[in-house]
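**Q** You'll find protein.cif just under this line, and it carries mmCIF, C-alpha atoms and all ligand atoms.
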data_structure
loop_
_atom_site.group_PDB
_atom_site.id
_atom_site.type_symbol
_atom_site.label_atom_id
_atom_site.label_comp_id
_atom_site.auth_asym_id
_atom_site.auth_seq_id
_atom_site.Cartn_x
_atom_site.Cartn_y
_atom_site.Cartn_z
ATOM 1 C CA MET A 1 24.797 -104.786 13.184
ATOM 2 C CA LYS A 2 28.359 -103.529 13.500
ATOM 3 C CA VAL A 3 31.104 -106.136 13.279
ATOM 4 C CA VAL A 4 34.834 -106.399 14.008
ATOM 5 C CA GLU A 5 36.546 -108.966 11.744
ATOM 6 C CA TRP A 6 39.518 -110.192 13.813
ATOM 7 C CA PHE A 7 42.270 -112.048 11.910
ATOM 8 C CA ALA A 8 40.479 -110.876 8.764
ATOM 9 C CA GLY A 9 42.779 -112.526 6.188
ATOM 10 C CA ILE A 10 41.166 -112.103 2.758
ATOM 11 C CA GLY A 11 37.718 -111.473 4.226
ATOM 12 C CA GLY A 12 35.902 -114.809 4.541
ATOM 13 C CA LEU A 13 33.587 -113.284 7.134
ATOM 14 C CA SER A 14 32.842 -110.272 4.921
ATOM 15 C CA ALA A 15 31.933 -112.684 2.110
ATOM 16 C CA ALA A 16 29.598 -114.600 4.453
ATOM 17 C CA LEU A 17 27.952 -111.392 5.717
ATOM 18 C CA ASP A 18 27.264 -110.454 2.098
ATOM 19 C CA GLY A 19 26.576 -106.812 2.987
ATOM 20 C CA GLN A 20 24.017 -107.667 5.700
ATOM 21 C CA ALA A 21 26.095 -106.128 8.501
ATOM 22 C CA GLU A 22 28.623 -103.310 8.711
ATOM 23 C CA VAL A 23 32.236 -104.341 9.224
ATOM 24 C CA VAL A 24 33.636 -101.368 11.162
ATOM 25 C CA CYS A 25 37.151 -102.781 11.504
ATOM 26 C CA ALA A 26 39.062 -105.656 9.856
ATOM 27 C CA ILE A 27 42.313 -106.517 11.604
ATOM 28 C CA ASP A 28 45.234 -108.575 10.264
ATOM 29 C CA HIS A 29 48.983 -108.032 10.540
ATOM 30 C CA ASP A 30 49.900 -109.717 7.246
ATOM 31 C CA GLU A 31 50.675 -107.415 4.333
ATOM 32 C CA SER A 32 49.479 -109.689 1.480
ATOM 33 C CA ALA A 33 46.250 -110.464 3.322
ATOM 34 C CA HIS A 34 45.732 -106.756 3.970
ATOM 35 C CA LEU A 35 46.261 -105.822 0.300
ATOM 36 C CA THR A 36 43.846 -108.470 -0.967
ATOM 37 C CA TYR A 37 41.309 -107.561 1.717
ATOM 38 C CA ARG A 38 41.436 -103.924 0.614
ATOM 39 C CA ALA A 39 41.137 -104.886 -3.048
ATOM 40 C CA ASN A 40 37.790 -106.565 -2.319
ATOM 41 C CA TRP A 41 36.090 -104.946 0.662
ATOM 42 C CA PRO A 42 35.458 -101.243 1.375
ATOM 43 C CA HIS A 43 35.634 -101.709 5.169
ATOM 44 C CA PRO A 44 38.241 -99.991 7.345
ATOM 45 C CA ALA A 45 41.151 -102.457 7.385
ATOM 46 C CA ARG A 46 44.007 -102.161 9.867
ATOM 47 C CA ARG A 47 47.432 -103.827 9.780
ATOM 48 C CA TRP A 48 47.635 -104.317 13.513
ATOM 49 C CA ASN A 49 49.208 -107.012 15.639
ATOM 50 C CA VAL A 50 46.378 -108.266 17.854
ATOM 51 C CA ALA A 51 48.872 -109.317 20.537
ATOM 52 C CA HIS A 52 49.628 -105.633 21.228
ATOM 53 C CA LEU A 53 46.174 -104.151 20.783
ATOM 54 C CA ARG A 54 44.398 -101.977 23.338
ATOM 55 C CA ALA A 55 40.628 -101.872 23.814
ATOM 56 C CA ARG A 56 40.436 -98.163 22.999
ATOM 57 C CA GLN A 57 41.774 -98.847 19.462
ATOM 58 C CA VAL A 58 38.838 -101.137 18.619
ATOM 59 C CA PRO A 59 35.659 -99.420 17.362
ATOM 60 C CA ALA A 60 32.395 -100.306 19.106
ATOM 61 C CA ALA A 61 30.608 -103.284 17.531
ATOM 62 C CA GLU A 62 27.949 -105.827 18.513
ATOM 63 C CA LEU A 63 29.725 -108.815 16.936
ATOM 64 C CA TRP A 64 33.360 -109.824 17.137
ATOM 65 C CA TRP A 65 34.277 -112.646 14.720
ATOM 66 C CA ALA A 66 37.686 -114.249 15.200
ATOM 67 C CA SER A 67 39.600 -116.847 13.173
ATOM 68 C CA PRO A 68 42.868 -116.914 15.131
ATOM 69 C CA PRO A 69 45.983 -118.773 13.906
ATOM 70 C CA CYS A 70 45.359 -122.524 13.957
ATOM 71 C CA GLN A 71 48.959 -123.841 13.975
ATOM 72 C CA PRO A 72 49.110 -124.133 17.817
ATOM 73 C CA TYR A 73 46.375 -126.829 17.600
ATOM 74 C CA THR A 74 47.580 -128.868 14.609
ATOM 75 C CA VAL A 75 49.916 -131.862 14.446
ATOM 76 C CA ARG A 76 51.947 -130.010 11.816
ATOM 77 C CA GLY A 77 52.310 -127.043 14.199
ATOM 78 C CA GLU A 78 53.371 -129.474 16.988
ATOM 79 C CA ARG A 79 50.236 -128.760 19.061
ATOM 80 C CA ARG A 80 52.010 -126.457 21.495
ATOM 81 C CA ASP A 81 48.685 -124.826 22.329
ATOM 82 C CA LEU A 82 49.085 -121.752 24.570
ATOM 83 C CA ASP A 83 52.877 -122.268 24.684
ATOM 84 C CA ASP A 84 53.063 -121.509 20.939
ATOM 85 C CA PRO A 85 54.007 -117.829 20.370
ATOM 86 C CA ARG A 86 51.302 -117.747 17.668
ATOM 87 C CA ALA A 87 48.690 -118.134 20.441
ATOM 88 C CA ALA A 88 49.704 -114.778 21.982
ATOM 89 C CA SER A 89 47.131 -112.910 19.880
ATOM 90 C CA LEU A 90 44.315 -115.157 21.136
ATOM 91 C CA ILE A 91 45.452 -114.677 24.735
ATOM 92 C CA ARG A 92 45.286 -110.904 24.181
ATOM 93 C CA LEU A 93 41.859 -111.242 22.562
ATOM 94 C CA LEU A 94 40.553 -113.072 25.650
ATOM 95 C CA ALA A 95 41.625 -110.116 27.806
ATOM 96 C CA LEU A 96 39.874 -107.739 25.379
ATOM 97 C CA ILE A 97 36.645 -109.799 25.515
ATOM 98 C CA ALA A 98 36.717 -109.574 29.312
ATOM 99 C CA GLU A 99 37.325 -105.817 29.137
ATOM 100 C CA VAL A 100 34.885 -104.841 26.357
ATOM 101 C CA ARG A 101 32.221 -107.605 26.592
ATOM 102 C CA PRO A 102 31.010 -107.480 22.962
ATOM 103 C CA ARG A 103 27.347 -108.510 22.735
ATOM 104 C CA HIS A 104 28.137 -111.437 20.436
ATOM 105 C CA PHE A 105 31.395 -113.306 19.881
ATOM 106 C CA ALA A 106 32.208 -116.083 17.402
ATOM 107 C CA LEU A 107 35.330 -118.124 16.738
ATOM 108 C CA GLU A 108 36.416 -120.514 13.985
ATOM 109 C CA ASN A 109 39.336 -122.896 14.239
ATOM 110 C CA VAL A 110 40.661 -126.334 13.329
ATOM 111 C CA PRO A 111 39.083 -129.405 14.991
ATOM 112 C CA GLY A 112 42.181 -129.728 17.240
ATOM 113 C CA PHE A 113 41.210 -126.492 19.001
ATOM 114 C CA GLU A 114 38.409 -128.338 20.769
ATOM 115 C CA GLY A 115 39.604 -129.474 24.195
ATOM 116 C CA SER A 116 42.814 -127.425 24.000
ATOM 117 C CA ARG A 117 43.950 -125.216 26.875
ATOM 118 C CA ALA A 118 43.134 -122.212 24.662
ATOM 119 C CA HIS A 119 39.569 -123.528 24.297
ATOM 120 C CA LEU A 120 39.229 -123.946 28.060
ATOM 121 C CA ALA A 121 40.608 -120.438 28.644
ATOM 122 C CA LEU A 122 38.089 -119.004 26.160
ATOM 123 C CA ARG A 123 35.210 -120.870 27.813
ATOM 124 C CA GLU A 124 36.330 -119.653 31.209
ATOM 125 C CA VAL A 125 36.210 -115.997 30.067
ATOM 126 C CA LEU A 126 32.830 -116.419 28.338
ATOM 127 C CA ASP A 127 31.268 -118.266 31.292
ATOM 128 C CA ARG A 128 32.612 -115.726 33.783
ATOM 129 C CA HIS A 129 31.063 -112.872 31.794
ATOM 130 C CA GLY A 130 27.620 -114.437 31.404
ATOM 131 C CA TYR A 131 27.643 -115.516 27.731
ATOM 132 C CA HIS A 132 25.327 -118.158 26.284
ATOM 133 C CA VAL A 133 27.594 -120.460 24.271
ATOM 134 C CA ARG A 134 27.048 -122.959 21.457
ATOM 135 C CA GLU A 135 29.799 -125.100 19.964
ATOM 136 C CA ARG A 136 29.655 -127.313 16.920
ATOM 137 C CA SER A 137 31.776 -128.721 14.151
ATOM 138 C CA LEU A 138 30.681 -128.161 10.591
ATOM 139 C CA CYS A 139 32.081 -129.109 7.194
ATOM 140 C CA PRO A 140 30.962 -127.510 3.919
ATOM 141 C CA ALA A 141 30.551 -131.041 2.497
ATOM 142 C CA GLU A 142 27.538 -131.363 4.849
ATOM 143 C CA LEU A 143 26.002 -128.465 2.917
ATOM 144 C CA GLY A 144 26.711 -130.121 -0.443
ATOM 145 C CA TRP A 145 29.944 -128.275 -1.305
ATOM 146 C CA PRO A 146 32.625 -130.400 -3.015
ATOM 147 C CA ASN A 147 35.344 -129.612 -0.464
ATOM 148 C CA LYS A 148 36.050 -131.054 2.967
ATOM 149 C CA ARG A 149 36.962 -128.449 5.567
ATOM 150 C CA PRO A 150 35.773 -129.631 8.977
ATOM 151 C CA ARG A 151 36.089 -126.804 11.475
ATOM 152 C CA PHE A 152 35.240 -126.067 15.097
ATOM 153 C CA TYR A 153 32.880 -123.119 15.599
ATOM 154 C CA LEU A 154 31.908 -121.363 18.790
ATOM 155 C CA LEU A 155 29.111 -118.822 18.992
ATOM 156 C CA ALA A 156 28.519 -116.817 22.161
ATOM 157 C CA SER A 157 26.044 -114.103 23.025
ATOM 158 C CA LEU A 158 24.934 -112.134 26.064
ATOM 159 C CA ASP A 159 21.385 -112.871 24.759
ATOM 160 C CA PRO A 160 19.908 -116.366 24.356
ATOM 161 C CA LEU A 161 21.097 -117.811 21.019
ATOM 162 C CA ALA A 162 18.661 -118.242 18.127
ATOM 163 C CA PRO A 163 17.702 -121.851 17.313
ATOM 164 C CA GLN A 164 19.845 -123.213 14.484
ATOM 165 C CA PRO A 165 17.725 -124.388 11.522
ATOM 166 C CA PRO A 166 18.355 -127.937 10.200
ATOM 167 C CA LEU A 167 21.133 -128.130 7.584
ATOM 168 C CA VAL A 168 20.022 -128.048 3.961
ATOM 169 C CA ARG A 169 22.278 -129.979 1.598
ATOM 170 C CA VAL A 170 22.348 -128.612 -1.953
ATOM 171 C CA PRO A 171 24.806 -130.695 -4.041
ATOM 172 C CA ARG A 172 27.259 -128.575 -6.037
ATOM 173 C CA PRO A 173 29.392 -130.366 -8.657
ATOM 174 C CA LEU A 174 33.133 -129.794 -8.469
ATOM 175 C CA ALA A 175 33.254 -129.082 -12.223
ATOM 176 C CA ALA A 176 31.324 -125.830 -11.638
ATOM 177 C CA PHE A 177 34.288 -124.384 -9.689
ATOM 178 C CA LEU A 178 37.055 -125.123 -12.199
ATOM 179 C CA ASP A 179 38.909 -122.637 -14.404
ATOM 180 C CA PRO A 180 37.716 -122.939 -18.022
ATOM 181 C CA LEU A 181 41.322 -122.818 -19.291
ATOM 182 C CA PRO A 182 43.670 -123.996 -16.519
ATOM 183 C CA ASP A 183 47.194 -122.598 -16.613
ATOM 184 C CA PRO A 184 49.561 -125.320 -17.989
ATOM 185 C CA ALA A 185 52.010 -124.313 -15.200
ATOM 186 C CA LEU A 186 49.613 -126.010 -12.735
ATOM 187 C CA CYS A 187 50.591 -129.462 -14.089
ATOM 188 C CA VAL A 188 52.489 -131.512 -11.509
ATOM 189 C CA PRO A 189 55.988 -132.261 -12.840
ATOM 190 C CA ALA A 190 56.915 -135.876 -13.542
ATOM 191 C CA ASP A 191 59.656 -136.005 -10.878
ATOM 192 C CA LEU A 192 57.194 -135.023 -8.119
ATOM 193 C CA LEU A 193 54.706 -137.627 -9.349
ATOM 194 C CA ALA A 194 57.439 -140.260 -9.375
ATOM 195 C CA ARG A 195 58.609 -139.290 -5.868
ATOM 196 C CA TYR A 196 55.230 -139.151 -4.107
ATOM 197 C CA GLY A 197 53.120 -141.466 -6.333
ATOM 198 C CA ASP A 198 50.055 -142.740 -4.482
ATOM 199 C CA ALA A 199 50.703 -140.441 -1.488
ATOM 200 C CA LEU A 200 49.345 -137.520 -3.530
ATOM 201 C CA PRO A 201 45.590 -137.220 -2.922
ATOM 202 C CA VAL A 202 44.173 -137.019 -6.451
ATOM 203 C CA THR A 203 40.533 -136.217 -7.160
ATOM 204 C CA ASP A 204 39.193 -137.691 -10.378
ATOM 205 C CA LEU A 205 36.602 -135.651 -12.237
ATOM 206 C CA LEU A 206 35.139 -138.918 -13.533
ATOM 207 C CA HIS A 207 34.172 -139.935 -9.975
ATOM 208 C CA PRO A 208 30.354 -139.718 -9.527
ATOM 209 C CA GLU A 209 30.680 -137.155 -6.689
ATOM 210 C CA PRO A 210 34.243 -135.771 -6.731
ATOM 211 C CA GLN A 211 35.400 -134.194 -3.439
ATOM 212 C CA VAL A 212 38.607 -132.428 -2.462
ATOM 213 C CA TYR A 213 40.456 -132.478 0.851
ATOM 214 C CA CYS A 214 40.927 -129.394 2.978
ATOM 215 C CA PHE A 215 43.337 -126.914 1.406
ATOM 216 C CA THR A 216 45.801 -125.445 3.894
ATOM 217 C CA GLY A 217 48.140 -122.478 3.690
ATOM 218 C CA ALA A 218 50.912 -124.936 2.682
ATOM 219 C CA TYR A 219 49.192 -125.962 -0.581
ATOM 220 C CA GLY A 220 51.652 -125.684 -3.451
ATOM 221 C CA THR A 221 54.582 -125.747 -1.015
ATOM 222 C CA SER A 222 54.056 -129.010 0.808
ATOM 223 C CA PRO A 223 53.239 -131.888 -1.606
ATOM 224 C CA VAL A 224 51.156 -133.865 0.919
ATOM 225 C CA TYR A 225 48.629 -133.131 3.697
ATOM 226 C CA ALA A 226 47.902 -129.703 2.253
ATOM 227 C CA GLY A 227 45.029 -130.321 -0.196
ATOM 228 C CA SER A 228 44.013 -132.320 -3.249
ATOM 229 C CA TYR A 229 45.236 -132.530 -6.842
ATOM 230 C CA LEU A 230 43.002 -132.914 -9.882
ATOM 231 C CA ARG A 231 43.148 -135.568 -12.595
ATOM 232 C CA GLU A 232 41.811 -133.867 -15.692
ATOM 233 C CA ARG A 233 42.149 -134.922 -19.313
ATOM 234 C CA GLY A 234 44.725 -137.560 -18.320
ATOM 235 C CA ALA A 235 47.053 -135.119 -16.480
ATOM 236 C CA ILE A 236 47.447 -134.361 -12.769
ATOM 237 C CA ARG A 237 47.504 -130.742 -11.699
ATOM 238 C CA TRP A 238 47.242 -128.442 -8.713
ATOM 239 C CA PHE A 239 43.997 -126.528 -8.252
ATOM 240 C CA SER A 240 44.549 -122.841 -8.938
ATOM 241 C CA PRO A 241 44.182 -120.388 -5.997
ATOM 242 C CA GLU A 242 41.154 -118.940 -7.817
ATOM 243 C CA GLU A 243 39.531 -122.401 -7.902
ATOM 244 C CA VAL A 244 40.258 -122.805 -4.180
ATOM 245 C CA VAL A 245 38.540 -119.521 -3.237
ATOM 246 C CA ARG A 246 35.576 -120.407 -5.467
ATOM 247 C CA MET A 247 35.253 -123.752 -3.643
ATOM 248 C CA LEU A 248 35.394 -121.835 -0.351
ATOM 249 C CA GLY A 249 32.339 -119.916 -1.542
ATOM 250 C CA PHE A 250 33.882 -116.511 -2.293
ATOM 251 C CA PRO A 251 31.899 -114.477 -4.838
ATOM 252 C CA GLU A 252 32.908 -114.590 -8.503
ATOM 253 C CA ARG A 253 34.020 -110.930 -8.311
ATOM 254 C CA PHE A 254 36.706 -111.771 -5.682
ATOM 255 C CA ARG A 255 40.263 -110.930 -6.818
ATOM 256 C CA PHE A 256 43.679 -111.330 -5.236
ATOM 257 C CA ALA A 257 45.577 -108.030 -5.043
ATOM 258 C CA GLU A 258 47.635 -107.314 -8.135
ATOM 259 C CA GLY A 259 51.163 -108.640 -7.880
ATOM 260 C CA THR A 260 50.317 -111.409 -5.370
ATOM 261 C CA ASP A 261 52.287 -114.386 -6.652
ATOM 262 C CA ARG A 262 50.699 -117.825 -6.900
ATOM 263 C CA ARG A 263 52.342 -119.237 -3.770
ATOM 264 C CA ARG A 264 51.006 -116.335 -1.686
ATOM 265 C CA ARG A 265 47.561 -116.680 -3.283
ATOM 266 C CA TRP A 266 47.528 -120.381 -2.295
ATOM 267 C CA ARG A 267 48.593 -119.458 1.232
ATOM 268 C CA LEU A 268 45.908 -116.790 1.629
ATOM 269 C CA ALA A 269 43.202 -119.063 0.185
ATOM 270 C CA GLY A 270 44.282 -122.062 2.287
ATOM 271 C CA ASN A 271 44.164 -119.977 5.478
ATOM 272 C CA SER A 272 40.695 -118.642 4.806
ATOM 273 C CA LEU A 273 37.159 -119.695 5.714
ATOM 274 C CA SER A 274 34.367 -121.708 4.157
ATOM 275 C CA VAL A 275 31.900 -118.922 3.400
ATOM 276 C CA PRO A 276 28.717 -121.091 3.419
ATOM 277 C CA ALA A 277 29.737 -122.739 6.713
ATOM 278 C CA VAL A 278 30.301 -119.323 8.330
ATOM 279 C CA ALA A 279 26.963 -118.059 6.975
ATOM 280 C CA GLU A 280 25.318 -121.114 8.569
ATOM 281 C CA ILE A 281 26.908 -120.337 11.963
ATOM 282 C CA LEU A 282 25.829 -116.673 11.748
ATOM 283 C CA THR A 283 22.149 -117.730 11.663
ATOM 284 C CA GLY A 284 22.492 -118.539 15.393
ATOM 285 C CA ILE A 285 23.055 -114.876 16.313
ATOM 286 C CA PRO A 286 19.964 -113.482 18.033
ATOM 287 C CA VAL A 287 18.527 -110.439 16.239
ATOM 288 C CA GLY A 288 16.602 -107.571 17.802
HETATM 289 C C1 LIG A 301 43.278 -118.676 10.022
HETATM 290 S S1 LIG A 301 43.736 -117.205 9.232
HETATM 291 C C2 LIG A 301 42.175 -116.399 9.140
HETATM 292 C C3 LIG A 301 41.811 -116.016 7.755
HETATM 293 C C4 LIG A 301 40.601 -115.160 7.530
HETATM 294 N N1 LIG A 301 39.532 -115.312 8.441
HETATM 295 C C5 LIG A 301 40.142 -115.225 6.090
HETATM 296 O O1 LIG A 301 38.940 -115.241 5.844
HETATM 297 O O2 LIG A 301 40.986 -115.244 5.187
HETATM 298 C C6 LIG A 301 44.560 -116.329 10.501
HETATM 299 C C7 LIG A 301 44.915 -114.890 10.127
HETATM 300 O O3 LIG A 301 45.407 -114.262 11.300
HETATM 301 C C8 LIG A 301 46.446 -113.381 10.937
HETATM 302 N N2 LIG A 301 47.261 -113.197 12.146
HETATM 303 C C9 LIG A 301 48.034 -114.117 12.769
HETATM 304 N N3 LIG A 301 48.598 -113.605 13.878
HETATM 305 C C10 LIG A 301 48.158 -112.318 13.964
HETATM 306 C C11 LIG A 301 48.403 -111.252 14.887
HETATM 307 N N4 LIG A 301 49.203 -111.433 15.938
HETATM 308 N N5 LIG A 301 47.801 -110.068 14.668
HETATM 309 C C12 LIG A 301 47.012 -109.876 13.582
HETATM 310 N N6 LIG A 301 46.754 -110.841 12.671
HETATM 311 C C13 LIG A 301 47.314 -112.045 12.859
HETATM 312 C C14 LIG A 301 47.159 -114.090 9.796
HETATM 313 O O4 LIG A 301 47.846 -113.156 8.985
HETATM 314 C C15 LIG A 301 45.973 -114.763 9.071
HETATM 315 O O5 LIG A 301 45.499 -113.951 8.023
#
Could you render the structure as structure tokens?
Ligand SMILES: C[S@@+](CC[C@H](N)C(=O)[O-])C[C@H]1O[C@@H](n2cnc3c(N)ncnc32)[C@H](O)[C@@H]1O

**A**
Amino acid sequence: MKVVEWFAGIGGLSAALDGQAEVVCAIDHDESAHLTYRANWPHPARRWNVAHLRARQVPAAELWWASPPCQPYTVRGERRDLDDPRAASLIRLLALIAEVRPRHFALENVPGFEGSRAHLALREVLDRHGYHVRERSLCPAELGWPNKRPRFYLLASLDPLAPQPPLVRVPRPLAAFLDPLPDPALCVPADLLARYGDALPVTDLLHPEPQVYCFTGAYGTSPVYAGSYLRERGAIRWFSPEEVVRMLGFPERFRFAEGTDRRRRWRLAGNSLSVPAVAEILTGIPVG
């Protein structure tokens, strides 16, 4: 199957496909995302702005996977929905779906996308063009992963969708995802601890089943509502970007592009996808 990876970021979809389909085009306008994508995946990657894209630029593919910007549907992004300029790329994508009618289409977004005007506009296009549609929310914690990342997923196909097998939960201990020798620079300074105290969500490795909250692109920049901290050997520290991508299910060989500073690595990781959750959604695509 040929695939277009829209809003490709660092390649969460490519990781979930694990070589079982051919990504013919990966599109993202961000330079750091593009460099890290190219450092990991051999697929043709384009630094294009989706909002200005024409159908003839997009290679033919059976599956279009899209993870459009989520800020228009979050409280932090003020939930401006289709009025947010960051929704322009999704509006353009809807026009491209109507024009090209890819055989299968899938979308991932934050829970706040559900019921938004953007969601209704997407459903309207898919219904008008005869797609079978399935929607669900899924969190990697349901699959036994130690991180919470509830997300809305939509899968659409011009063919009837394949039945989704029941979820299998395989517990994975948080300790398995940690750096063996964490960088001392990850320790949270005393003044930040004093200022935010109990507001900082701290995961304790001594807890019987330690879990972390959803990492966002603001992790490392915004002290709260952006992801968890770790209490380890009596100290409190940030999780490294490498630990975050491991918890998202990226393969051990994954690397950020050389020269990507830690803040950018946190941003790229926090914006990405839960690989096992995406792989689960992909099982609904009809084959043959
Ligand atoms: C939620 S993230 C998706 C991340 C990605 N799926 C991954 O696995 O890392 C949204 C991505 O869309 C990109 N993006 C936002 N607006 C865009 C636009 N107008 N054109 C192209 N890419 C855009 C951002 O740079 C970001 O990488």

**Q** What would the selection look like, as a PyMOL selection string, if the PyMOL selection byres (((not hetatm)) within 6 of (chain A and resi 301)) were run on the coordinates I just shared?

**A** chain A and resi 7-13+28-30+33+48-51+67-70+89+271-273

**Q** Take the residues just selected and output them with C-alpha atoms as a tab-separated table (two decimals), in the frame of the given file.

**A**
chain	number	residue	atom	x	y	z
A	7	PHE	CA	42.27	-112.05	11.91
A	8	ALA	CA	40.48	-110.88	8.76
A	9	GLY	CA	42.78	-112.53	6.19
A	10	ILE	CA	41.17	-112.10	2.76
A	11	GLY	CA	37.72	-111.47	4.23
A	12	GLY	CA	35.90	-114.81	4.54
A	13	LEU	CA	33.59	-113.28	7.13
A	28	ASP	CA	45.23	-108.58	10.26
A	29	HIS	CA	48.98	-108.03	10.54
A	30	ASP	CA	49.90	-109.72	7.25
A	33	ALA	CA	46.25	-110.46	3.32
A	48	TRP	CA	47.64	-104.32	13.51
A	49	ASN	CA	49.21	-107.01	15.64
A	50	VAL	CA	46.38	-108.27	17.85
A	51	ALA	CA	48.87	-109.32	20.54
A	67	SER	CA	39.60	-116.85	13.17
A	68	PRO	CA	42.87	-116.91	15.13
A	69	PRO	CA	45.98	-118.77	13.91
A	70	CYS	CA	45.36	-122.52	13.96
A	89	SER	CA	47.13	-112.91	19.88
A	271	ASN	CA	44.16	-119.98	5.48
A	272	SER	CA	40.70	-118.64	4.81
A	273	LEU	CA	37.16	-119.70	5.71

**Q** Skipping near chain neighbours, those fewer than 2 positions away, what residues fall within 9 Å of range 197-214 of chain A using all atoms listed in the file, listed as a list in words?

**A** Ala141, Trp145, Pro146, Asn147, Lys148, Arg149, Pro150, Pro173, Leu174, Ala175, Leu192, Leu193, Ala194, Arg195, Thr216, Pro223, Val224, Tyr225, Ala226, Gly227, Ser228, Tyr229, Leu230, Arg231, Glu232, Ile236, Arg237 and Gly270 of chain A

**Q** Counting only C-alpha atoms, which of A:Arg246, A:His34, A:His104, A:Arg117 gets nearest to Asp81 in chain A?

**A** A:Arg117

**Q** Given the file shown, enumerate the residues that the PyMOL selection byres (((chain A and resi 105-115) around 6) and not hetatm) captures and present them as a PyMOL selection string.

**A** chain A and resi 63-67+73+104+116+119+151-156

**Q** Give me, please, the distance in Å between CA of Val170 in chain A and CA of Ser137 in chain A, quoted to one decimal.

**A**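 These two atoms are separated by 18.7 Å.
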
**Q** For range 272-284 of chain A, which lacks atoms in the input, supply N, CA and C atoms and format the output as a PDB file, in the frame of the given file.

**A**
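Resulting contents of out-v4.pdb:
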ATOM      1  N   SER A 272      41.959-119.367   4.668  1.00  0.00           N
ATOM      2  CA  SER A 272      40.695-118.642   4.806  1.00  0.00           C
ATOM      3  C   SER A 272      39.558-119.525   5.338  1.00  0.00           C
ATOM      4  N   LEU A 273      38.336-119.062   5.110  1.00  0.00           N
ATOM      5  CA  LEU A 273      37.159-119.695   5.714  1.00  0.00           C
ATOM      6  C   LEU A 273      36.252-120.282   4.651  1.00  0.00           C
ATOM      7  N   SER A 274      35.447-121.256   5.043  1.00  0.00           N
ATOM      8  CA  SER A 274      34.367-121.708   4.157  1.00  0.00           C
ATOM      9  C   SER A 274      33.205-120.745   4.342  1.00  0.00           C
ATOM     10  N   VAL A 275      32.929-119.975   3.312  1.00  0.00           N
ATOM     11  CA  VAL A 275      31.900-118.922   3.400  1.00  0.00           C
ATOM     12  C   VAL A 275      30.512-119.504   3.733  1.00  0.00           C
ATOM     13  N   PRO A 276      30.059-120.578   3.070  1.00  0.00           N
ATOM     14  CA  PRO A 276      28.717-121.091   3.419  1.00  0.00           C
ATOM     15  C   PRO A 276      28.646-121.643   4.840  1.00  0.00           C
ATOM     16  N   ALA A 277      29.755-122.220   5.332  1.00  0.00           N
ATOM     17  CA  ALA A 277      29.737-122.739   6.713  1.00  0.00           C
ATOM     18  C   ALA A 277      29.632-121.579   7.701  1.00  0.00           C
ATOM     19  N   VAL A 278      30.366-120.490   7.440  1.00  0.00           N
ATOM     20  CA  VAL A 278      30.301-119.323   8.330  1.00  0.00           C
ATOM     21  C   VAL A 278      28.895-118.720   8.289  1.00  0.00           C
ATOM     22  N   ALA A 279      28.321-118.626   7.096  1.00  0.00           N
ATOM     23  CA  ALA A 279      26.963-118.059   6.975  1.00  0.00           C
ATOM     24  C   ALA A 279      25.982-118.897   7.800  1.00  0.00           C
ATOM     25  N   GLU A 280      26.183-120.209   7.789  1.00  0.00           N
ATOM     26  CA  GLU A 280      25.318-121.114   8.569  1.00  0.00           C
ATOM     27  C   GLU A 280      25.453-120.802  10.071  1.00  0.00           C
ATOM     28  N   ILE A 281      26.683-120.619  10.543  1.00  0.00           N
ATOM     29  CA  ILE A 281      26.908-120.337  11.963  1.00  0.00           C
ATOM     30  C   ILE A 281      26.269-118.996  12.351  1.00  0.00           C
ATOM     31  N   LEU A 282      26.359-118.016  11.447  1.00  0.00           N
ATOM     32  CA  LEU A 282      25.829-116.673  11.748  1.00  0.00           C
ATOM     33  C   LEU A 282      24.324-116.681  11.989  1.00  0.00           C
ATOM     34  N   THR A 283      23.618-117.691  11.474  1.00  0.00           N
ATOM     35  CA  THR A 283      22.149-117.730  11.663  1.00  0.00           C
ATOM     36  C   THR A 283      21.799-117.916  13.149  1.00  0.00           C
ATOM     37  N   GLY A 284      22.766-118.339  13.952  1.00  0.00           N
ATOM     38  CA  GLY A 284      22.492-118.539  15.393  1.00  0.00           C
ATOM     39  C   GLY A 284      22.539-117.245  16.205  1.00  0.00           C
TER      40      GLY A 284
END
